[in-house]
Structures are given as structure tokens and as C-alpha cells.
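Source file: start_34.cif. Holds: mmCIF, C-alpha atoms.
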data_structure
#
loop_
_atom_site.label_atom_id
_atom_site.label_comp_id
_atom_site.auth_asym_id
_atom_site.auth_seq_id
_atom_site.Cartn_x
_atom_site.Cartn_y
_atom_site.Cartn_z
CA MET A 9 68.03 87.35 90.32
CA GLU A 10 68.32 89.83 93.18
CA TYR A 11 65.34 91.28 94.96
CA ASN A 12 64.89 94.99 94.34
CA HIS A 13 64.36 96.37 97.84
CA ALA A 14 64.18 99.96 96.61
CA GLY A 15 61.42 99.21 94.14
CA ALA A 16 59.47 97.17 96.67
CA CYS A 17 59.72 99.92 99.28
CA ALA A 18 58.65 102.55 96.78
CA SER A 19 55.66 100.44 95.73
CA SER A 20 54.39 99.64 99.21
CA LEU A 21 55.20 102.85 101.05
CA GLY A 22 54.03 105.12 98.25
CA SER A 23 50.74 103.40 97.53
CA GLY A 24 48.88 105.35 100.18
CA ILE A 25 49.46 108.71 98.51
CA THR A 26 49.39 107.66 94.86
CA SER A 27 45.75 108.63 94.41
CA ARG A 28 46.39 112.18 95.65
CA LEU A 29 49.09 112.96 93.08
CA SER A 30 49.03 113.39 89.32
CA PRO A 31 50.33 110.53 87.16
CA GLY A 32 53.52 112.47 86.27
CA ILE A 33 54.65 112.82 89.91
CA ARG A 34 56.67 110.12 91.67
CA PRO A 35 54.75 109.45 94.90
CA TRP A 36 57.69 107.90 96.73
CA ALA A 37 59.69 111.15 96.43
CA HIS A 38 57.37 112.77 99.00
CA LEU A 39 57.91 110.28 101.80
CA SER A 40 59.11 111.57 105.14
CA PRO A 41 62.94 111.73 105.29
CA ASP A 42 62.84 110.00 108.67
CA LEU A 43 60.79 107.15 107.19
CA VAL A 44 63.16 106.82 104.24
CA LEU A 45 66.17 106.75 106.59
CA ASP A 46 64.48 104.12 108.76
CA VAL A 47 63.95 101.87 105.73
CA SER A 48 67.52 102.51 104.57
CA ASN A 49 68.95 101.42 107.91
CA ARG A 50 67.14 98.09 107.62
CA LEU A 51 68.98 97.12 104.41
CA ASP A 52 71.83 94.73 105.16
CA ASP A 53 73.20 94.43 101.62
CA ALA A 54 75.48 97.22 100.36
CA ALA A 55 74.19 96.93 96.78
CA ASP A 56 70.58 97.34 97.93
CA PHE A 57 71.64 100.38 100.00
CA VAL A 58 73.22 102.10 96.98
CA ARG A 59 70.27 101.31 94.70
CA PHE A 60 67.80 102.50 97.33
CA HIS A 61 69.35 105.96 97.59
CA ALA A 62 69.61 106.24 93.80
CA VAL A 63 65.80 106.13 93.36
CA CYS A 64 65.36 109.90 93.52
CA THR A 65 66.98 113.07 94.86
CA PRO A 66 65.02 113.23 98.17
CA TRP A 67 66.01 109.65 98.95
CA ARG A 68 69.61 110.51 98.21
CA HIS A 69 69.46 113.47 100.59
CA ALA A 70 68.11 111.13 103.29
CA ALA A 71 71.22 108.93 103.23
CA PRO A 72 73.03 108.67 106.58
CA SER A 73 76.17 110.73 106.87
CA PRO A 74 79.49 108.82 106.99
CA PHE A 75 80.24 110.90 110.10
CA SER A 76 77.16 109.65 111.91
CA PRO A 77 77.65 107.52 115.03
CA GLU A 78 78.17 103.84 114.29
CA ALA A 79 74.79 102.94 115.78
CA ALA A 80 73.06 105.30 113.33
CA ARG A 81 74.63 103.72 110.23
CA PRO A 82 73.50 100.46 108.62
CA ALA A 83 75.65 97.36 109.10
CA PHE A 84 76.12 95.50 105.84
CA SER A 85 76.74 91.79 105.53
CA PRO A 86 80.16 90.74 104.16
CA TRP A 87 80.42 89.53 100.59
CA LEU A 88 82.38 86.56 99.33
CA LEU A 89 84.47 87.17 96.20
CA ALA A 90 86.21 84.73 93.88
CA LEU A 91 87.14 84.09 90.29
CA ARG A 92 84.25 82.34 88.57
CA GLY A 93 84.71 81.23 84.99
CA GLY A 94 87.33 83.92 84.37
CA GLN A 95 85.15 86.66 85.90
CA ILE A 96 85.19 88.12 89.39
CA ALA A 97 81.93 87.20 91.11
CA ARG A 98 80.46 87.89 94.51
CA SER A 99 78.12 85.82 96.58
CA THR A 100 75.79 87.27 99.19
CA ILE A 101 75.55 84.94 102.15
CA ASP A 102 72.36 84.85 104.19
CA PHE A 103 74.03 84.45 107.59
CA ARG A 104 70.74 84.40 109.47
CA CYS A 105 69.15 81.39 107.76
CA VAL A 106 71.51 78.82 109.27
CA SER A 107 70.34 75.95 111.43
CA SER A 108 72.05 72.88 112.74
CA SER A 109 69.77 70.81 110.52
CA SER A 110 71.05 72.35 107.26
CA THR A 111 71.71 69.65 104.72
CA GLU A 112 73.71 69.51 101.49
CA GLN A 113 70.45 69.72 99.52
CA GLU A 114 69.20 72.75 101.45
CA ALA A 115 72.53 74.49 100.95
CA SER A 116 72.44 73.62 97.26
CA ASP A 117 68.98 75.15 96.99
CA ARG A 118 70.47 78.42 98.28
CA ARG A 119 73.45 78.36 95.92
CA SER A 120 72.09 80.94 93.45
CA HIS A 121 71.08 83.48 96.09
CA GLY A 122 73.03 86.68 95.43
CA ASP A 123 75.61 85.10 93.08
CA VAL A 124 76.33 87.78 90.51
CA VAL A 125 79.26 88.79 88.34
CA LEU A 126 80.87 91.79 89.98
CA THR A 127 83.32 92.76 87.26
CA GLU A 128 85.65 91.55 84.58
CA PRO A 129 89.28 91.15 85.67
CA PRO A 130 91.23 94.40 85.22
CA LEU A 131 93.34 94.84 82.12
CA GLY A 132 96.63 93.05 82.56
CA VAL A 133 95.28 90.30 84.81
CA PRO A 134 94.83 86.88 83.15
CA SER A 135 91.21 85.73 83.02
CA THR A 136 92.33 82.47 84.61
CA GLY A 137 94.94 81.77 87.24
CA GLY A 138 94.80 85.27 88.75
CA ASN A 139 93.94 84.03 92.22
CA ARG A 140 97.27 85.08 93.64
CA ASN A 141 96.85 88.75 92.69
CA TRP A 142 94.27 89.59 95.33
CA VAL A 143 95.08 92.50 97.67
CA ALA A 144 92.72 93.02 100.59
CA CYS A 145 92.25 95.68 103.23
CA ALA A 146 93.25 94.39 106.67
CA GLY A 147 89.86 95.47 108.04
CA GLY A 148 87.96 93.80 105.20
CA THR A 149 86.39 97.01 103.87
CA ALA A 150 88.06 96.99 100.42
CA VAL A 151 89.64 94.59 97.95
CA TRP A 152 91.82 95.17 94.91
CA ILE A 153 93.48 93.28 92.10
CA PHE A 154 97.21 93.98 91.85
CA VAL A 155 98.49 94.53 88.31
CA ALA A 156 102.29 94.47 88.02
CA SER A 157 102.87 95.57 84.45
CA PRO A 158 103.43 97.71 82.57
CA GLU A 159 103.31 99.86 85.72
CA PRO A 160 102.29 98.59 89.20
CA ARG A 161 98.79 99.57 90.26
CA LEU A 162 95.85 98.51 92.40
CA VAL A 163 92.38 98.29 90.85
CA ASP A 164 89.50 98.57 93.32
CA LEU A 165 86.97 95.84 92.57
CA LEU A 166 84.05 97.80 94.02
CA THR A 167 84.70 101.28 92.61
CA ARG A 168 87.05 100.46 89.70
CA ALA A 169 89.31 103.26 90.95
CA VAL A 170 92.97 102.80 89.98
CA ALA A 171 95.74 103.59 92.48
CA PRO A 172 99.14 103.88 90.79
CA LEU A 173 102.13 102.48 92.68
CA PRO A 174 105.86 103.25 92.37
CA PRO A 175 107.86 101.02 90.02
CA PHE A 176 109.78 98.08 91.41
CA PRO A 177 113.58 98.03 91.36
CA ASP A 178 114.86 97.75 87.83
CA ASP A 179 115.97 94.13 87.92
CA GLY A 180 114.41 91.21 86.15
CA GLU A 181 114.08 88.98 89.21
CA THR A 182 111.93 91.37 91.26
CA ARG A 183 109.66 92.28 88.37
CA ALA A 184 109.13 88.64 87.39
CA ALA A 185 108.44 87.52 90.97
CA MET A 186 105.96 90.31 91.64
CA GLU A 187 103.82 89.34 88.65
CA ASN A 188 102.13 86.85 91.00
CA ALA A 189 102.16 88.97 94.16
CA ARG A 190 99.27 89.20 96.60
CA GLY A 191 99.06 91.28 99.73
CA VAL A 192 97.37 93.48 102.29
CA VAL A 193 96.73 97.21 102.67
CA TYR A 194 96.76 98.28 106.31
CA GLY A 195 94.84 101.03 108.08
CA ASP A 196 97.75 103.50 108.01
CA GLY A 197 98.05 103.12 104.22
CA THR A 198 100.99 100.69 104.20
CA VAL A 199 100.94 98.36 101.17
CA PHE A 200 102.45 94.92 101.78
CA LEU A 201 102.96 92.65 98.77
CA TYR A 202 104.58 89.22 98.84
CA THR A 203 105.15 86.08 96.83
CA PHE A 204 106.65 82.62 97.37
CA LEU A 205 109.24 81.06 95.10
CA PHE A 206 109.34 77.32 95.63
CA GLU A 207 112.33 75.71 93.94
CA LYS A 208 113.72 72.20 94.02
CA SER A 209 116.16 72.66 96.88
CA THR A 210 115.07 75.94 98.49
CA SER A 211 112.00 77.92 99.40
CA LYS A 212 112.26 81.68 98.88
CA PHE A 213 110.03 84.50 100.00
CA MET A 214 109.98 88.00 98.49
CA GLU A 215 108.29 90.99 100.08
CA ALA A 216 107.72 94.58 98.92
CA ILE A 217 106.62 97.14 101.51
CA LEU A 218 105.46 100.67 100.75
CA ARG A 219 104.67 102.86 103.76
CA PRO A 220 102.97 106.26 103.41
CA VAL A 221 106.28 108.02 104.17
CA ASP A 222 108.21 106.01 101.56
CA ALA A 223 108.89 107.16 98.01
CA ALA A 224 110.04 103.71 96.87
CA TRP A 225 109.42 100.07 97.68
CA ARG A 226 111.43 98.28 100.34
CA VAL A 227 112.09 94.94 98.71
CA MET A 228 113.63 91.96 100.49
CA LYS A 229 114.17 88.37 99.40
CA ARG A 230 114.66 85.70 102.03
CA VAL A 231 115.55 82.04 101.94
CA LEU A 232 113.25 80.04 104.19
CA GLU A 233 114.14 76.93 106.07
CA ASP A 234 112.87 74.19 103.82
CA PRO A 235 109.52 73.00 105.25
CA THR A 236 108.20 69.57 104.42
CA ASP A 237 104.85 70.94 103.22
CA ARG A 238 104.77 73.55 100.43
CA ARG A 239 101.08 74.08 99.99
CA SER A 240 99.34 76.89 98.18
CA ASP A 241 97.79 78.29 101.37
CA SER A 242 101.12 79.72 102.52
CA GLY A 243 100.71 83.31 103.66
CA ALA A 244 102.31 86.30 105.34
CA LEU A 245 101.50 89.56 107.09
CA TYR A 246 103.23 92.75 108.20
CA HIS A 247 102.91 93.83 111.82
CA GLU A 248 104.83 96.42 113.85
CA GLY A 249 107.84 96.39 111.57
CA LYS A 250 108.01 92.61 111.38
CA VAL A 251 106.99 90.14 108.69
CA LEU A 252 105.41 86.84 109.73
CA VAL A 253 105.57 84.04 107.19
CA CYS A 254 103.65 80.77 107.33
CA VAL A 255 104.42 77.82 105.06
CA GLY A 256 102.59 74.52 105.35
CA GLU A 257 101.01 73.18 108.51
CA TYR A 258 103.47 74.21 111.21
CA PHE A 259 106.34 76.33 109.93
CA TRP A 260 106.45 79.99 110.97
CA SER A 261 109.23 82.54 110.56
CA VAL A 262 109.37 86.11 111.83
CA PHE A 263 111.63 88.63 110.11
CA THR A 264 112.59 92.13 111.13
CA GLN A 265 112.06 94.66 108.36
CA GLY A 266 115.35 95.39 106.58
CA ASP A 267 117.06 92.32 108.05
CA SER A 268 117.32 89.18 105.96
CA SER A 269 118.03 87.00 108.97
CA VAL A 270 115.38 85.09 110.85
CA PHE A 271 114.17 86.97 113.91
CA ALA A 272 112.40 84.00 115.41
CA GLY A 273 111.13 80.60 114.45
CA LEU A 274 107.69 79.61 115.68
CA GLN A 275 107.37 75.86 115.51
CA SER A 276 103.75 75.04 116.26
CA ARG A 277 103.84 71.30 116.80
CA TRP A 278 100.80 69.41 117.95
CA SER A 279 100.52 66.73 120.53
CA GLU A 280 100.82 63.19 119.21
CA SER A 281 97.07 62.57 119.65
CA GLU A 282 96.15 65.75 117.74
CA GLU A 283 98.59 64.86 114.99
CA ARG A 284 96.92 61.49 114.53
CA LYS A 285 93.39 62.89 114.52
CA TYR A 286 93.55 66.10 112.46
CA SER A 287 95.01 67.48 109.26
CA ARG A 288 95.48 71.25 109.17
CA GLN A 289 93.95 72.32 105.86
CA TYR A 290 94.16 76.13 105.86
CA ASN A 291 95.94 78.78 107.93
CA TYR A 292 94.72 82.36 108.33
CA VAL A 293 96.20 85.25 110.29
CA LEU A 294 94.35 88.40 111.35
CA GLU A 295 94.63 91.27 113.79
CA SER A 296 91.82 91.84 116.25
CA ARG A 297 91.80 94.37 119.07
CA GLY A 298 95.54 94.79 119.02
CA GLU A 299 96.57 91.13 118.97
CA LEU A 300 97.49 88.72 116.21
CA LEU A 301 95.31 85.65 115.85
CA TRP A 302 96.12 82.49 113.91
CA ALA A 303 93.06 80.49 112.84
CA SER A 304 93.40 77.01 111.37
CA VAL A 305 90.77 74.94 109.59
CA LEU A 306 91.15 71.31 110.65
CA LEU A 307 89.82 68.17 109.00
CA GLU A 308 89.65 64.79 110.69
CA ARG A 309 92.01 62.30 109.08
CA ASP A 310 89.37 59.57 109.31
CA TRP A 311 87.21 61.56 106.90
CA LEU A 312 90.11 61.79 104.45
CA ARG A 313 90.58 58.03 104.68
CA GLY A 314 86.88 57.42 104.10
CA HIS A 315 86.34 56.03 107.60
CA ALA A 316 83.93 58.75 108.72
CA PRO A 317 80.33 59.78 107.88
CA VAL A 318 79.78 61.35 104.46
CA ASP A 319 78.70 64.68 106.01
CA ILE A 320 81.89 66.72 106.07
CA SER A 321 80.50 69.26 108.56
CA SER A 322 81.06 66.95 111.50
CA ALA A 323 84.71 66.44 110.47
CA LEU A 324 85.61 70.15 110.23
CA SER A 325 86.70 72.43 113.07
CA VAL A 326 88.64 75.64 113.69
CA THR A 327 91.32 76.41 116.27
CA VAL A 328 92.52 79.91 117.19
CA HIS A 329 95.91 80.86 118.66
CA ALA A 330 97.18 84.29 119.77
CA LEU A 331 100.77 85.49 119.42
CA VAL A 332 102.15 86.20 122.89
CA LYS A 333 105.51 86.83 124.53
CA ASP A 334 106.67 84.72 127.43
CA ALA A 335 108.59 86.02 130.44
CA GLY A 336 111.89 85.76 128.57
CA GLY A 337 110.64 87.81 125.60
CA ALA A 338 110.32 84.87 123.22
CA MET A 339 107.23 84.79 121.01
CA ARG A 340 104.93 81.79 120.85
CA TRP A 341 101.41 80.83 119.81
CA ALA A 342 99.00 80.32 122.72
CA VAL A 343 95.61 78.63 122.32
CA ARG A 344 92.66 81.01 122.65
CA ASP A 345 89.55 79.79 124.41
CA GLY A 346 86.34 80.11 122.40
CA TRP A 347 84.64 82.08 125.16
CA SER A 348 87.29 84.82 124.90
CA LEU A 349 86.11 85.39 121.31
CA GLY A 350 82.42 85.11 122.18
CA ASP A 351 81.51 88.61 120.97
CA ARG A 352 83.31 88.40 117.62
CA ALA A 353 82.73 86.90 114.20
CA LEU A 354 85.82 85.83 112.21
CA PHE A 355 85.81 85.84 108.41
CA LEU A 356 88.66 83.66 107.17
CA GLY A 357 89.97 84.17 103.65
CA SER A 358 93.06 84.89 101.59
CA PRO A 359 95.06 87.08 101.44
CA ALA A 360 93.47 88.76 104.47
CA SER A 361 91.03 87.78 107.20
CA PHE A 362 89.22 90.04 109.65
CA ALA A 363 87.08 90.02 112.78
CA VAL A 364 84.04 92.19 113.53
CA ASP A 365 81.81 92.71 116.52
CA ALA A 366 79.05 90.18 115.99
CA HIS A 367 76.33 92.48 117.35
CA ARG A 368 77.04 94.98 114.53
CA LEU A 369 75.87 92.37 112.02
CA GLY A 370 73.13 90.90 114.17
CA LEU A 371 75.01 87.60 114.37
CA VAL A 372 75.71 85.14 117.12
CA GLY A 373 79.23 85.77 118.41
CA GLY A 374 82.05 83.33 118.89
CA CYS A 375 82.01 81.95 115.35
CA ALA A 376 84.28 81.65 112.32
CA TYR A 377 83.13 81.66 108.67
CA PHE A 378 85.26 79.92 106.06
CA VAL A 379 85.13 78.23 102.66
CA PHE A 380 86.08 74.60 102.16
CA ARG A 381 85.62 72.64 98.94
CA ARG A 382 83.10 75.09 97.47
CA ARG A 383 81.02 75.19 100.63
CA VAL A 384 80.62 78.01 103.14
CA PHE A 385 80.67 76.88 106.77
CA ARG A 386 80.21 78.47 110.16
CA TYR A 387 82.11 77.02 113.10
CA GLY A 388 81.06 77.79 116.67
CA LEU A 389 84.18 78.52 118.69
CA VAL A 390 82.20 78.05 121.90
CA ASP A 391 80.04 75.00 121.19
CA GLY A 392 82.39 73.32 118.69
CA GLN A 393 79.62 72.80 116.11
CA THR A 394 80.14 73.24 112.35
CA GLU A 395 77.16 74.26 110.21
CA LEU A 396 76.84 74.30 106.45
CA ILE A 397 75.60 77.67 105.18
CA LYS A 398 75.81 77.55 101.43
CA GLN A 399 76.88 75.35 98.53
CA LEU A 400 78.82 77.37 95.95
CA PRO A 401 78.74 76.68 92.20
CA ARG A 402 81.39 74.42 90.75
CA GLU A 403 83.04 77.37 88.96
CA TRP A 404 83.97 79.02 92.26
CA GLY A 405 87.25 77.12 92.59
CA THR A 406 89.17 76.28 95.76
CA GLY A 407 88.77 77.63 99.27
CA GLY A 408 92.14 79.36 99.39
CA ALA A 409 91.21 81.70 96.55
CA HIS A 410 88.19 83.30 98.21
CA VAL A 411 88.20 86.81 99.64
CA TRP A 412 85.76 88.22 102.18
CA VAL A 413 84.98 91.93 101.88
CA TRP A 414 82.86 94.06 104.20
CA PRO A 415 81.69 96.93 101.93
CA GLN A 416 81.02 100.32 103.52
CA PRO A 417 79.52 102.50 100.76
CA THR A 418 78.81 106.17 101.27
CA ILE A 419 76.34 108.22 99.25
CA THR A 420 77.88 111.32 97.70
CA PRO A 421 75.65 114.41 98.13
CA ILE A 422 74.15 115.90 94.98
CA GLU A 423 75.96 119.19 95.67
CA GLU A 424 79.37 117.49 95.49
CA ILE A 425 78.46 115.74 92.24
CA ARG A 426 77.40 119.04 90.71
CA GLU A 427 80.68 120.64 91.80
CA TRP A 428 82.65 117.81 90.19
CA VAL A 429 80.70 118.13 86.95
CA LEU A 430 81.23 121.91 86.90
CA MET A 431 84.96 121.57 87.55
CA SER A 432 85.27 118.94 84.83
CA LYS A 433 83.56 121.24 82.32
CA GLN A 434 85.82 124.13 83.28
CA GLU A 435 88.94 121.98 82.93
CA ALA A 436 87.72 120.76 79.52
CA LYS A 437 87.33 124.38 78.34
CA ILE A 438 90.87 125.26 79.48
CA MET A 439 92.30 122.28 77.63
#

Any chance you could give the structure as C-alpha cells?
Amino acid sequence: MEYNHAGACASSLGSGITSRLSPGIRPWAHLSPDLVLDVSNRLDDAADFVRFHAVCTPWRHAAPSPFSPEAARPAFSPWLLALRGGQIARSTIDFRCVSSSSTEQEASDRRSHGDVVLTEPPLGVPSTGGNRNWVACAGGTAVWIFVASPEPRLVDLLTRAVAPLPPFPDDGETRAAMENARGVVYGDGTVFLYTFLFEKSTSKFMEAILRPVDAAWRVMKRVLEDPTDRRSDSGALYHEGKVLVCVGEYFWSVFTQGDSSVFAGLQSRWSESEERKYSRQYNYVLESRGELLWASVLLERDWLRGHAPVDISSALSVTVHALVKDAGGAMRWAVRDGWSLGDRALFLGSPASFAVDAHRLGLVGGCAYFVFRRRVFRYGLVDGQTELIKQLPREWGTGGAHVWVWPQPTITPIEEIREWVLMSKQEAKIM
């Protein structure tokens, strides 16, 4: 059960003036707007922020403007979303209560904190097996479920708003493949959907790109070089007119939009010693400050063989590479030092990951948050330490199906709501 910050604030802050007002008057409505705004800015959960400003009209008027400087607006903690028992649930992670001494039992004790059902899956999405239909904003501020039929659309999981999309080409193959599409919406409004088609002898990749200037989808199907590992954490992203595709532990392909040929192959082989020691479990790609980063969750092979301590934290680590061009123009992945990411926090999930300035969230920088086997971990990119944050319920499924979202709610002024209501009434009279 979640703590009601708004009610608690109203009770404590309003108690001093309760005796001076009649029983029918709400004492908290007469608090100073500056005091209300100060309390509002201390709320780090988006749901608490919305409930707080819904208490009464004066508190709503005191909400910070979306055009206010960043420092004057509250910074909300990211949520973790997943399918849980056929419903879409979110978990609020208490990022500040982590210590190197966290144990499995302590994390289990925190498992129910903030775990609530967010919504039922949208109509048209199966209640089970819909993990591959996530569509996330590249910056982490929104997440949708993609529904392919009868007409393509995106359903916002936070607002329930429906964004219709153009139909796919009228051929059975594209429509069938896109039933299981996932993807990313980028800052300029470009929608990038993709799906993998693993067959006996070939591995195929289908993409559908819709830019703001396009009236129809740009669909392309490509045959990939057959990698040895066809795992479910395969992913892709769209960047500067190119599509990067990752399949398995090492295989990368880069395609130029509109060209079915391979633009470049990025073989990311390890050294022999690294190959013997680690197994790459999950791959995530994100854009941060103009560069592409590839983060991998590694697990020591000794732990998989049962030759390591039971505590999995000590066997997990994260590596980060950046996509660079060498002197000859060829692209390659270069290892990034943890110190170079010391002011950022990485949130690794599928289908999109993102990085934020750690100071905005009041967090220690140089860290990566990820889910592995129903546990949430934080890895220090500088000190190399992995800490267990939270044990998730059994119904939360696998790590690859989790989505991080960084909600940024705004409070609509009363005047705008009244205008909408008036316009709706006028339109109803005309009809």
C-alpha cells in the first residue's frame, strides 16, 4: 500500500490553523503557495506529485510550470514496468536505500514497496506473451504498447491516450510479422518498429520507420548473417539514417536506410581470457550526449557452473562501449572508462535504455541499473561493485521484458480544463 504524501502533508501542515477555521472549511487550502510548492518539489514519485496537486484548487494553482527552469521542477524517480500476471504493473524503486551490505532477505523485504497494477493491457494485446510489443521513448519519458490490428496504434500506458498510425503495406507477410513488433519513439517524433524472424536456416530482420515528414511506413526486410546465438535479447535502434542490429553476444550489423545491403559488420570479439571468464547475458544500446553506448550485463561462467559463491551480485558486472570511427572511417566499438560516465546514471531495459544526469535524481553517478532474474541491481562503473536493490515478485518474468520509464507529469491549469469542458459541451450541442 502506497503512502499518501498529499494527505500526510495536509494533516501536518494544516493542523496549526485548523482551530481558527469552521469545520466546513478545508484548512490546507489556505497554505502559502510558496510553502505548497516547496513541499511539491520534495516529492520524488510522479504519482505522489499528481495526487498532491489534486487535493484542492489552490494546490493545483501552485504546481510548477512545465516552462520553469529545470532546477525549479521536481525530479522524479524512474519506474520499472513489466507484465505481471497478465497485467501491466509498475514498481517504484527506492534508489537511495542501497548499501553494499544489502542481502537477499533485505531485498525481499522491500519487494512490495510501490508494486501496483498500472493498467490492463490495451484491447488487442494478449494478456500473456505481449512482452515484445513494448514501445519506449528514447529519453525514457514515455512508454506505449503497440497494437497492430485491426489498425496500427500506440497506447500510452501512463495517460491511456491512443495515437493512430498509418496502415502497413497491404501484404500478409508484413502484417503478420508486425504483430510482434517492438520499438522506439525518438525525440523528433520518428517511430521505429522492428521484429526478428528466426527460421531454421536464416535469420531475418524487419523494420518499419515512420518519420514526421512521412505519410507512409518505410518497410525493409533484411537477411542477417546467421549468428550462432539467437537469444531473445536481440535488439535494434535507428540513428542518423542507419539501423543498428544486435543478435546474440557479439554479432552487430549496420544498415543504411533504404538499402538492404549490410553497411558494416561490427564483430565485437573478446580476448580469450574474457571469453573464458564471462558470459554476456544482455545487450542494451542507448544514446547519451550525442554518442551511442552499448552496455552489456556480464555473468561469470563459474557462477553458471556452480563453482562460485551463492550470492549472484559478486558474479555480475556491466561493460560499456561507445561507437566510434577510426582514421579510415570504419566504425568500431571502443571501451568506455567508468570515470568518463561518472556523472551519469544508466537505466538498462528493453526495448529502450536511457541515461540521465545523476545529480538530477540525487543519485551517485557512474552507475548502471538493470534487472536480472527478477532482481534489480546497481553496478558501479567506477568501483566495479554490484549491489542488490530489490527482489521482484515471481510474476514479474524475465529481465529482458522490463521497461524503465522516467515520468514527467504536468498539471493542467483549471482554466484549460474549463475551456475543454465548455468546448465539449458546445460540440455536443452542434451534433

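Using all atoms listed in the file, the smallest distance between any of A:Val155, A:Ala223, A:Ala330, A:Val413 and Ser361 (chain A) comes from A:Val413.
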
**OP:** Give the answer as one residue: which of A:Lys285, A:His329, A:His61, A:Lys398 has the shortest atom-to-atom distance to Leu307 (chain A), using only C-alpha atoms?
**Re:**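 Among A:Lys285, A:His329, A:His61, A:Lys398, it is A:Lys285 that comes nearest to Leu307 (chain A).
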
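The shortest atom-to-atom distance to Ala70 (chain A), with all atoms listed in the file taken into account, belongs to A:Val44 out of A:Val58, A:Leu389, A:Val44, A:Ala436.
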
**OP:** Determine the nearest neighbour of Gly392 (chain A) from the options A:Leu369, A:Met186, A:Ile438, A:Ala323, counting only C-alpha atoms.
**Re:** A:Ala323

**OP:** Please indicate the distance in Å from CA of Phe263 (chain A) to CA of Thr210 (chain A), rounded to one decimal place.
**Re:**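 So the answer is 17.5 Å.
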
Subject >> Distance in Å - CA of Val251 (chain A) versus CA of Trp142 (chain A) >> reply: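 Separation between CA of Val251 (chain A) and CA of Trp142 (chain A): 18.5 Å.
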
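You can rank A:Ala83, A:Ile397, A:Val343, A:Leu301 by their closest distance to Asp365 (chain A) using only C-alpha atoms, and at the top of that list sits A:Ala83.
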
**OP:** Go ahead and find all residues with at least one atom no further than 10 Å from (96.4, 95.7, 93.8) in the file's coordinates, using all atoms listed in the file; report them as an MDAnalysis selection string.
**Re:** chainID A and resid 141:144 151:156 160:165 170:173 189:193 199 201

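Our summary of the geometry notes that CA of Cys375 (chain A) is positioned 24.3 Å from CA of His247 (chain A).
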
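For Thr198 (chain A), the set of protein, DNA and RNA residues having any atom at most 7 Å away, when counting all atoms listed in the file and skipping those fewer than 6 positions along the same chain, is Leu218, Arg219 and Pro220 of chain A.
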
Subject >> Given the PyMOL selection byres ((chain A and resi 358) around 8), the residues it picks as a list in words >> reply: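 The output of the PyMOL selection byres ((chain A and resi 358) around 8) on this file is Trp142, Tyr292, Leu356, Gly357, Pro359, Ala360, Ser361, Gly408, Ala409, His410 and Val411 of chain A.
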
Subject >> Residue IDs satisfying the PyMOL selection byres ((chain A and resi 87) around 9), as a PyMOL selection string >> reply: chain A and resi 53+85-86+88-89+98-101+411-415

**OP:** Point out the residue among A:Phe213, A:Tyr286, A:Glu181, A:Gly337 with the least atom-to-atom distance to Trp311 (chain A), counting all atoms listed in the file.
**Re:**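 Going through A:Phe213, A:Tyr286, A:Glu181, A:Gly337 one by one, the smallest distance to Trp311 (chain A) is for A:Tyr286.
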